[in-house]
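Just input-v2.cif here, mmCIF, C-alpha atoms and all ligand atoms:
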data_run
#
loop_
_atom_site.label_atom_id
_atom_site.label_comp_id
_atom_site.auth_asym_id
_atom_site.auth_seq_id
_atom_site.Cartn_x
_atom_site.Cartn_y
_atom_site.Cartn_z
CA MET V 1 15.50 15.89 -0.65
CA ILE V 2 14.19 13.01 -2.74
CA LEU V 3 12.63 10.26 -0.63
CA ASP V 4 13.97 7.20 -2.41
CA GLY V 5 11.40 4.47 -1.81
CA LYS V 6 13.07 2.16 -4.29
CA ALA V 7 16.40 2.16 -2.41
CA LEU V 8 14.66 1.84 0.94
CA SER V 9 12.57 -1.09 -0.28
CA GLU V 10 15.73 -2.88 -1.47
CA LYS V 11 17.29 -2.38 1.95
CA ARG V 12 14.18 -3.62 3.79
CA LEU V 13 13.89 -6.68 1.57
CA GLU V 14 17.52 -7.63 2.27
CA ILE V 15 16.93 -7.32 6.03
CA LEU V 16 13.71 -9.32 5.75
CA LYS V 17 15.43 -12.10 3.80
CA GLU V 18 17.87 -12.56 6.69
CA GLN V 19 15.08 -12.46 9.27
CA ILE V 20 13.16 -15.16 7.42
CA GLU V 21 16.28 -17.32 7.15
CA ASP V 22 17.05 -16.83 10.84
CA ALA V 23 13.49 -17.74 11.81
CA GLY V 24 13.73 -21.04 9.89
CA LEU V 25 10.32 -20.43 8.38
CA TYR V 26 9.12 -20.86 4.83
CA PRO V 27 6.03 -18.64 4.75
CA HIS V 28 3.63 -18.72 1.82
CA LEU V 29 1.65 -15.88 0.28
CA ALA V 30 -1.37 -16.57 -1.92
CA THR V 31 -2.47 -13.99 -4.46
CA VAL V 32 -5.93 -14.00 -6.03
CA LEU V 33 -6.16 -12.29 -9.40
CA VAL V 34 -9.52 -12.00 -11.15
CA GLY V 35 -9.50 -11.07 -14.83
CA GLN V 36 -6.70 -9.90 -17.07
CA ASP V 37 -6.12 -6.25 -16.27
CA PRO V 38 -2.50 -5.72 -17.41
CA ALA V 39 -1.59 -3.42 -14.49
CA SER V 40 -2.97 -5.89 -11.93
CA GLN V 41 -1.16 -8.74 -13.66
CA MET V 42 2.07 -6.74 -13.44
CA TYR V 43 1.62 -5.93 -9.72
CA VAL V 44 0.93 -9.58 -8.93
CA ARG V 45 4.06 -10.61 -10.87
CA MET V 46 6.07 -8.01 -8.91
CA LYS V 47 4.73 -9.48 -5.65
CA HIS V 48 5.67 -13.02 -6.65
CA ARG V 49 9.17 -11.85 -7.62
CA ALA V 50 9.59 -10.11 -4.27
CA CYS V 51 8.47 -13.32 -2.51
CA GLU V 52 11.10 -15.31 -4.35
CA ARG V 53 13.75 -12.79 -3.45
CA VAL V 54 13.13 -12.90 0.31
CA GLY V 55 12.37 -16.61 0.68
CA ILE V 56 8.59 -16.56 0.76
CA GLY V 57 6.76 -19.17 -1.28
CA SER V 58 3.97 -17.86 -3.46
CA VAL V 59 0.82 -19.37 -4.88
CA GLY V 60 -1.08 -17.54 -7.60
CA ILE V 61 -4.80 -18.20 -8.02
CA GLU V 62 -6.12 -16.82 -11.30
CA LEU V 63 -9.81 -16.59 -12.04
CA PRO V 64 -11.45 -15.46 -15.28
CA ALA V 65 -12.94 -11.97 -15.60
CA GLU V 66 -16.39 -13.61 -15.65
CA ALA V 67 -15.91 -15.19 -12.21
CA THR V 68 -18.82 -14.66 -9.83
CA THR V 69 -18.59 -13.37 -6.29
CA GLN V 70 -19.32 -16.93 -5.10
CA GLU V 71 -16.41 -18.31 -7.08
CA VAL V 72 -14.01 -15.70 -5.68
CA LEU V 73 -15.34 -16.38 -2.16
CA ALA V 74 -14.80 -20.12 -2.67
CA ALA V 75 -11.17 -19.50 -3.68
CA VAL V 76 -10.60 -17.29 -0.61
CA ASN V 77 -12.19 -19.90 1.67
CA ARG V 78 -9.93 -22.64 0.34
CA LEU V 79 -6.92 -20.44 1.12
CA ASN V 80 -8.30 -19.57 4.57
CA ASN V 81 -8.40 -23.29 5.33
CA ASP V 82 -4.98 -24.07 3.91
CA CYS V 83 -2.51 -24.32 6.76
CA ASP V 84 0.43 -23.74 4.43
CA ILE V 85 -0.79 -20.28 3.46
CA ALA V 86 0.25 -17.54 5.89
CA GLY V 87 -1.05 -14.56 3.93
CA ILE V 88 -3.81 -13.96 1.38
CA LEU V 89 -4.02 -11.02 -0.97
CA VAL V 90 -6.87 -10.31 -3.39
CA GLN V 91 -5.54 -8.00 -6.07
CA LEU V 92 -7.69 -4.87 -6.47
CA PRO V 93 -9.61 -3.59 -8.26
CA LEU V 94 -11.88 -6.58 -8.78
CA PRO V 95 -14.18 -6.62 -11.83
CA ALA V 96 -17.34 -4.57 -11.16
CA ARG V 97 -19.60 -7.65 -11.00
CA VAL V 98 -17.69 -9.04 -8.01
CA ASP V 99 -18.72 -7.79 -4.57
CA THR V 100 -15.38 -6.44 -3.34
CA GLU V 101 -16.55 -5.81 0.20
CA ARG V 102 -17.78 -9.38 0.67
CA VAL V 103 -14.54 -10.76 -0.73
CA ILE V 104 -12.37 -8.61 1.55
CA GLU V 105 -14.49 -9.57 4.54
CA ALA V 106 -14.08 -13.25 3.67
CA VAL V 107 -10.29 -13.16 4.15
CA LEU V 108 -9.37 -14.37 7.65
CA PRO V 109 -8.11 -11.30 9.55
CA ALA V 110 -5.05 -13.33 10.65
CA LYS V 111 -4.14 -13.91 6.98
CA ASP V 112 -5.15 -10.44 5.77
CA VAL V 113 -1.68 -9.18 4.84
CA ASP V 114 -3.26 -6.33 2.84
CA GLY V 115 -4.85 -5.03 6.07
CA PHE V 116 -8.15 -4.27 4.32
CA HIS V 117 -10.42 -6.45 6.49
CA PRO V 118 -12.74 -4.34 8.72
CA THR V 119 -11.26 -6.03 11.80
CA ASN V 120 -7.77 -4.87 10.86
CA LEU V 121 -8.96 -1.41 9.83
CA GLY V 122 -10.85 -1.16 13.13
CA LYS V 123 -7.72 -2.05 15.07
CA LEU V 124 -5.79 0.60 13.16
CA PHE V 125 -8.42 3.25 13.88
CA SER V 126 -8.57 2.28 17.55
CA GLY V 127 -4.84 2.94 17.77
CA HIS V 128 -3.87 -0.74 18.15
CA PRO V 129 -2.88 -1.79 14.65
CA ALA V 130 -2.42 -5.41 13.58
CA PHE V 131 -2.09 -5.71 9.79
CA VAL V 132 -1.92 -2.25 8.23
CA PRO V 133 -2.55 -1.56 4.51
CA CYS V 134 0.78 -1.73 2.70
CA THR V 135 0.87 1.61 0.90
CA PRO V 136 0.19 3.83 3.94
CA GLN V 137 2.43 1.68 6.16
CA GLY V 138 5.17 1.95 3.52
CA ILE V 139 4.80 5.74 3.60
CA MET V 140 5.19 5.77 7.39
CA THR V 141 8.36 3.69 6.98
CA ILE V 142 9.73 6.23 4.48
CA LEU V 143 8.99 9.12 6.87
CA ALA V 144 10.65 7.31 9.77
CA GLU V 145 13.70 6.29 7.74
CA TYR V 146 14.31 9.89 6.63
CA GLY V 147 13.79 11.22 10.15
CA ILE V 148 10.67 13.18 9.24
CA GLU V 149 8.84 14.15 12.42
CA THR V 150 5.06 13.75 12.44
CA GLU V 151 4.20 14.75 16.00
CA GLY V 152 2.35 18.05 16.14
CA LYS V 153 2.59 18.52 12.38
CA ASN V 154 -0.32 19.46 10.14
CA ALA V 155 -0.87 16.51 7.81
CA VAL V 156 -3.27 16.77 4.90
CA VAL V 157 -4.35 13.60 3.10
CA VAL V 158 -6.04 14.17 -0.25
CA GLY V 159 -8.19 11.13 -1.02
CA ARG V 160 -10.46 9.07 1.24
CA SER V 161 -10.18 5.56 -0.19
CA VAL V 162 -10.36 2.60 2.19
CA ASP V 163 -7.03 1.23 0.97
CA VAL V 164 -4.97 4.43 1.14
CA GLY V 165 -6.53 7.74 2.25
CA ARG V 166 -8.36 6.58 5.37
CA PRO V 167 -5.67 4.27 6.77
CA MET V 168 -3.03 6.91 5.95
CA ALA V 169 -4.96 9.42 8.05
CA ALA V 170 -5.26 6.92 10.91
CA LEU V 171 -1.53 6.18 10.87
CA LEU V 172 -0.65 9.87 10.90
CA LEU V 173 -3.12 10.45 13.71
CA ASN V 174 -1.63 7.54 15.67
CA ALA V 175 1.74 9.24 15.12
CA ASN V 176 0.38 12.43 16.76
CA ALA V 177 -0.07 14.53 13.63
CA THR V 178 -3.08 16.84 13.28
CA VAL V 179 -4.82 15.30 10.30
CA THR V 180 -7.21 16.67 7.69
CA ILE V 181 -8.73 14.37 5.06
CA CYS V 182 -9.78 16.08 1.84
CA HIS V 183 -11.86 14.65 -0.99
CA SER V 184 -13.78 15.58 -4.11
CA LYS V 185 -16.37 17.61 -2.17
CA THR V 186 -13.86 19.54 -0.05
CA GLN V 187 -14.16 23.30 -0.40
CA ASN V 188 -11.11 25.56 -0.67
CA LEU V 189 -8.89 22.54 -1.26
CA PRO V 190 -5.77 24.48 -2.35
CA ALA V 191 -5.99 26.65 0.79
CA ILE V 192 -6.14 23.54 3.01
CA MET V 193 -3.30 21.89 1.12
CA ARG V 194 -1.17 24.99 1.66
CA GLN V 195 -1.50 24.46 5.43
CA ALA V 196 0.14 21.06 5.22
CA ASP V 197 3.53 20.32 6.74
CA ILE V 198 3.02 16.82 5.37
CA LEU V 199 0.93 16.52 2.23
CA VAL V 200 -0.13 13.08 0.98
CA SER V 201 -1.86 12.98 -2.37
CA ALA V 202 -3.83 9.86 -3.25
CA ILE V 203 -6.34 11.25 -5.68
CA GLY V 204 -5.30 9.60 -8.94
CA ARG V 205 -5.03 12.63 -11.24
CA ALA V 206 -1.84 13.47 -13.11
CA ASN V 207 -0.33 16.86 -12.22
CA PHE V 208 -3.13 17.58 -9.76
CA VAL V 209 -0.79 18.97 -7.09
CA ARG V 210 0.85 22.13 -8.38
CA ALA V 211 3.54 24.21 -6.69
CA ASP V 212 1.07 26.92 -5.66
CA MET V 213 -0.81 24.34 -3.54
CA VAL V 214 2.25 23.44 -1.49
CA LYS V 215 3.68 25.24 1.51
CA GLU V 216 7.38 26.14 1.32
CA GLY V 217 9.35 23.35 3.03
CA ALA V 218 6.47 20.83 3.12
CA VAL V 219 7.02 17.08 2.87
CA VAL V 220 5.12 15.85 -0.18
CA VAL V 221 4.15 12.19 -0.62
CA ASP V 222 2.78 11.14 -4.00
CA VAL V 223 0.61 8.01 -4.05
CA GLY V 224 -0.77 8.57 -7.54
CA ILE V 225 -0.36 5.98 -10.29
CA ASN V 226 -1.30 7.81 -13.48
CA HIS V 227 -0.13 8.19 -17.05
CA ASP V 228 0.57 11.55 -18.66
CA GLU V 229 -0.51 12.60 -22.16
CA ASN V 230 2.46 10.67 -23.60
CA GLY V 231 1.51 7.51 -21.73
CA LYS V 232 4.40 7.90 -19.28
CA LEU V 233 3.90 6.76 -15.68
CA CYS V 234 3.47 9.71 -13.30
CA GLY V 235 2.00 10.52 -9.91
CA ASP V 236 -0.47 13.18 -8.75
CA VAL V 237 2.23 15.79 -8.21
CA ASP V 238 3.85 18.13 -10.70
CA PHE V 239 7.20 16.77 -9.54
CA GLU V 240 9.58 19.17 -11.30
CA ALA V 241 7.85 22.30 -9.99
CA VAL V 242 6.96 21.00 -6.52
CA LYS V 243 10.42 19.60 -5.74
CA GLU V 244 11.77 23.17 -5.77
CA LYS V 245 9.39 24.11 -2.98
CA ALA V 246 9.18 20.94 -0.88
CA SER V 247 11.79 19.99 1.70
CA ALA V 248 11.26 16.34 0.77
CA ILE V 249 9.28 14.59 -1.94
CA THR V 250 8.62 11.05 -3.20
CA PRO V 251 9.07 10.47 -6.93
CA VAL V 252 6.87 8.33 -9.19
CA PRO V 253 8.17 5.84 -10.10
CA GLY V 254 10.58 4.90 -7.33
CA GLY V 255 8.77 6.32 -4.31
CA VAL V 256 5.75 4.84 -2.60
CA GLY V 257 5.11 1.93 -5.02
CA PRO V 258 8.17 -0.19 -4.16
CA MET V 259 7.48 0.31 -0.45
CA THR V 260 3.97 -1.14 -0.94
CA ILE V 261 5.54 -4.40 -2.01
CA ALA V 262 8.27 -4.42 0.66
CA THR V 263 5.59 -3.86 3.32
CA LEU V 264 3.52 -6.72 1.92
CA MET V 265 6.51 -9.01 2.36
CA GLU V 266 6.97 -7.78 5.94
CA ASN V 267 3.28 -8.34 6.70
CA THR V 268 3.48 -11.86 5.28
CA PHE V 269 6.43 -12.73 7.50
CA ARG V 270 4.51 -11.37 10.49
CA ALA V 271 1.49 -13.48 9.56
CA ALA V 272 3.71 -16.56 9.27
CA ARG V 273 5.30 -16.01 12.65
CA ALA V 274 1.88 -15.68 14.28
CA ASN V 275 0.38 -18.62 12.41
CA SER V 276 0.92 -21.83 14.35
CA CYS V 277 0.08 -24.04 11.38
CA THR V 278 2.60 -22.48 8.96
CA ARG V 279 4.94 -25.03 7.43
CA VAL V 280 8.34 -25.01 9.15
CA LEU V 281 11.53 -25.87 7.24
N1 LIG P 301 -4.69 -6.05 -3.01
C1 LIG P 301 -4.11 -4.88 -3.36
N2 LIG P 301 -4.42 -4.29 -4.50
C2 LIG P 301 -3.83 -3.11 -4.83
C3 LIG P 301 -2.86 -2.52 -3.98
C4 LIG P 301 -2.58 -3.16 -2.76
O1 LIG P 301 -1.77 -2.69 -1.92
N3 LIG P 301 -3.21 -4.34 -2.49
N4 LIG P 301 -2.17 -1.39 -4.39
C5 LIG P 301 -2.27 -0.93 -5.75
C6 LIG P 301 -1.33 -1.53 -6.74
N5 LIG P 301 -0.06 -2.06 -6.23
C7 LIG P 301 -0.09 -3.23 -5.58
O2 LIG P 301 -0.96 -4.02 -5.67
C8 LIG P 301 1.20 -1.47 -6.58
C9 LIG P 301 1.28 -0.36 -7.38
C10 LIG P 301 2.53 0.15 -7.78
C11 LIG P 301 3.69 -0.47 -7.40
C12 LIG P 301 5.03 -0.02 -7.85
O3 LIG P 301 6.04 -0.46 -7.33
N6 LIG P 301 5.10 0.84 -8.86
C13 LIG P 301 6.36 1.26 -9.42
C14 LIG P 301 6.21 1.47 -10.91
C15 LIG P 301 5.85 0.23 -11.63
C16 LIG P 301 5.60 0.50 -13.11
O4 LIG P 301 6.57 0.48 -13.86
O5 LIG P 301 4.44 0.75 -13.49
C17 LIG P 301 6.82 2.57 -8.76
O6 LIG P 301 5.96 3.34 -8.31
O7 LIG P 301 8.03 2.78 -8.75
C18 LIG P 301 3.60 -1.57 -6.59
C19 LIG P 301 2.38 -2.07 -6.19
C20 LIG P 301 -3.67 -1.19 -6.29
N7 LIG P 301 -4.13 -2.51 -6.00
#
Please re-express this file's structure in structure tokens.
Amino acid sequence: MILDGKALSEKRLEILKEQIEDAGLYPHLATVLVGQDPASQMYVRMKHRACERVGIGSVGIELPAEATTQEVLAAVNRLNNDCDIAGILVQLPLPARVDTERVIEAVLPAKDVDGFHPTNLGKLFSGHPAFVPCTPQGIMTILAEYGIETEGKNAVVVGRSVDVGRPMAALLLNANATVTICHSKTQNLPAIMRQADILVSAIGRANFVRADMVKEGAVVVDVGINHDENGKLCGDVDFEAVKEKASAITPVPGGVGPMTIATLMENTFRAARANSCTRVL
């Protein structure tokens, strides 16, 4: 079975549009983009388009690649203090000279629709999530929508990043899976991956997950955003070979990526509902 994140995201955005209309709110999302990385520019454009589609206003702050940490912090602080802004998102990665941790920590947790602030990550890890990072939350939504059970299952997450691997593991743990996190120093990685009922790959290497690393009938979730030798977008998983062995699999494109954006919209609506100083229609 192909887990169609694109179709699911369309459905969720339609539902959200109605919810926003019914609530009589006009939430605003602010994006902060530093530099001119073409992929980041494209993701920010996609986010603004999604906002327009569901009835969320969007404000784009663009800073030059040479911006200092102080300048990025000043932009975030202005947005923190702007009552009209329900959610703030700093597009990652930031240029190397900017202190990413300080910038993420500067976003008010109540406006942190990316769920990257330590307060929100702490709540997630304590089992009481508030804002959850969009990619892992989008994956949980896919699993739920397709009726994929997590309780008691062996889940293996390959990748330990703060934005995907770690929160993914916490969400699966909160959903009563038995979770293993693997990373570049993990020994016997293929053997561990073969134990997985649910395998999430967020390692960022094209064709890293081959069929011989996957248990027959496993659910395989591909978070990778890579390009193959012909420059074509692909995930971490050798999709053609692995789909024959998996019971369910997300494609790239059209799997996890669109759900990241749908979840961001949902988080922004949540932030707006909780934010007493959000502009009301
Ligand atoms: N502040 C953040 N930065 C980044 C995040 C994030 O969640 N918050 N995630 C990624 C990039 N990302 C969103 O920002 C993102 C990546 C991919 C997609 C997506 O829909 N991809 C499509 C393919 C698009 C294409 O043609 O290239 C798909 O997979 O079907 C959406 C969002 C890093 N930075």
- Item | Between atom CA of V:Pro93 and atom CA of V:Glu266 - distance in Å to one decimal | 22.2 Å
- So which residues are near ligand LIG 301 (chain P), meaning at most 6 Å away with only C-alpha atoms and all ligand atoms counted, given back as a list in words? Tyr43, Leu89, Val90, Gln91, Leu92, Asp114, Cys134, Thr135, Val252, Pro253, Gly254, Gly255, Val256, Gly257, Pro258, Thr260 and Ile261 of chain V
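Here the question is which of V:Ala241, V:Ala246, V:Met1, V:Ala196 gets nearest to V:Val179 using all atoms listed in the file, and that residue is V:Ala196.
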- Who sits within 8 Å of V:Tyr146, all atoms listed in the file, same chain under 3 positions skipped, as number ranges by chain: V: 3, 142-143
- Task: Mind checking which residues fall within 8 Å of stretch 61-67 of chain V, counting all atoms listed in the file, ignoring those fewer than 6 positions away in the same chain, and posting them as a PyMOL selection string?
- Result: chain V and resi 30-36+75+95+98
- Task: For atom CA of V:Val237 and atom CA of V:Asn207, quote the distance in Å rounded to one decimal.
- Result: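 Separation of atom CA of V:Val237 and atom CA of V:Asn207: 4.9 Å.
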Where's the centre, and what are the edge lengths in Å to one decimal, of a box along x, y and z enclosing all listed atoms of stretch 26-42 of chain V padded 3 Å per side, as lines of an AutoDock Vina configuration file?
center_x = -0.2
center_y = -12.1
center_z = -6.3
size_x = 24.6
size_y = 23.4
size_z = 28.2
- Distance atom CA of V:Asn80-atom CA of V:Val107, one decimal place?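 Result for atom CA of V:Asn80 versus atom CA of V:Val107: 6.7 Å, one decimal.
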Your completed stretch 63-93 of chain V with N, CA and C atoms, as a short mmCIF file (atom, residue, chain, number, x, y, z; two decimals), in the frame of the given file:
data_model
loop_
_atom_site.label_atom_id
_atom_site.label_comp_id
_atom_site.auth_asym_id
_atom_site.auth_seq_id
_atom_site.Cartn_x
_atom_site.Cartn_y
_atom_site.Cartn_z
N LEU V 63 -8.43 -16.30 -11.67
CA LEU V 63 -9.81 -16.59 -12.04
C LEU V 63 -10.18 -15.74 -13.25
N PRO V 64 -11.09 -16.24 -14.09
CA PRO V 64 -11.45 -15.46 -15.28
C PRO V 64 -12.24 -14.20 -14.92
N ALA V 65 -12.23 -13.24 -15.83
CA ALA V 65 -12.94 -11.97 -15.60
C ALA V 65 -14.42 -12.20 -15.33
N GLU V 66 -14.96 -13.33 -15.82
CA GLU V 66 -16.39 -13.61 -15.65
C GLU V 66 -16.69 -14.27 -14.31
N ALA V 67 -15.69 -14.49 -13.49
CA ALA V 67 -15.91 -15.19 -12.21
C ALA V 67 -16.97 -14.47 -11.38
N THR V 68 -17.79 -15.26 -10.68
CA THR V 68 -18.82 -14.66 -9.83
C THR V 68 -18.24 -14.40 -8.43
N THR V 69 -19.00 -13.62 -7.68
CA THR V 69 -18.59 -13.37 -6.29
C THR V 69 -18.43 -14.70 -5.56
N GLN V 70 -19.37 -15.62 -5.78
CA GLN V 70 -19.32 -16.93 -5.10
C GLN V 70 -18.04 -17.68 -5.43
N GLU V 71 -17.63 -17.60 -6.68
CA GLU V 71 -16.41 -18.31 -7.08
C GLU V 71 -15.17 -17.69 -6.43
N VAL V 72 -15.16 -16.36 -6.33
CA VAL V 72 -14.01 -15.70 -5.68
C VAL V 72 -14.03 -16.05 -4.19
N LEU V 73 -15.23 -16.04 -3.59
CA LEU V 73 -15.34 -16.38 -2.16
C LEU V 73 -14.88 -17.82 -1.91
N ALA V 74 -15.21 -18.71 -2.84
CA ALA V 74 -14.80 -20.12 -2.67
C ALA V 74 -13.28 -20.23 -2.70
N ALA V 75 -12.64 -19.47 -3.59
CA ALA V 75 -11.17 -19.50 -3.68
C ALA V 75 -10.56 -18.98 -2.37
N VAL V 76 -11.12 -17.88 -1.86
CA VAL V 76 -10.60 -17.29 -0.61
C VAL V 76 -10.79 -18.29 0.54
N ASN V 77 -11.94 -18.95 0.57
CA ASN V 77 -12.19 -19.90 1.67
C ASN V 77 -11.23 -21.07 1.64
N ARG V 78 -10.91 -21.53 0.43
CA ARG V 78 -9.93 -22.64 0.34
C ARG V 78 -8.60 -22.19 0.93
N LEU V 79 -8.21 -20.96 0.62
CA LEU V 79 -6.92 -20.44 1.12
C LEU V 79 -6.98 -20.21 2.63
N ASN V 80 -8.14 -19.74 3.12
CA ASN V 80 -8.30 -19.57 4.57
C ASN V 80 -8.04 -20.88 5.30
N ASN V 81 -8.48 -21.98 4.67
CA ASN V 81 -8.40 -23.29 5.33
C ASN V 81 -7.11 -24.04 5.02
N ASP V 82 -6.24 -23.42 4.28
CA ASP V 82 -4.98 -24.07 3.91
C ASP V 82 -3.89 -23.64 4.89
N CYS V 83 -3.49 -24.59 5.70
CA CYS V 83 -2.51 -24.32 6.76
C CYS V 83 -1.18 -23.81 6.23
N ASP V 84 -0.87 -24.16 5.00
CA ASP V 84 0.43 -23.74 4.43
C ASP V 84 0.45 -22.28 4.03
N ILE V 85 -0.71 -21.67 3.93
CA ILE V 85 -0.79 -20.28 3.46
C ILE V 85 -0.84 -19.34 4.66
N ALA V 86 0.20 -18.50 4.77
CA ALA V 86 0.25 -17.54 5.89
C ALA V 86 -0.53 -16.27 5.56
N GLY V 87 -0.42 -15.83 4.31
CA GLY V 87 -1.05 -14.56 3.93
C GLY V 87 -1.84 -14.69 2.64
N ILE V 88 -2.96 -13.95 2.59
CA ILE V 88 -3.81 -13.96 1.38
C ILE V 88 -3.98 -12.53 0.91
N LEU V 89 -3.87 -12.35 -0.40
CA LEU V 89 -4.02 -11.02 -0.97
C LEU V 89 -4.93 -11.12 -2.20
N VAL V 90 -6.00 -10.37 -2.21
CA VAL V 90 -6.87 -10.31 -3.39
C VAL V 90 -6.51 -9.04 -4.13
N GLN V 91 -5.99 -9.18 -5.34
CA GLN V 91 -5.54 -8.00 -6.07
C GLN V 91 -6.74 -7.13 -6.44
N LEU V 92 -6.63 -5.85 -6.16
CA LEU V 92 -7.69 -4.87 -6.47
C LEU V 92 -7.24 -3.95 -7.60
N PRO V 93 -8.17 -3.42 -8.38
CA PRO V 93 -9.61 -3.59 -8.26
C PRO V 93 -10.09 -4.93 -8.81
#
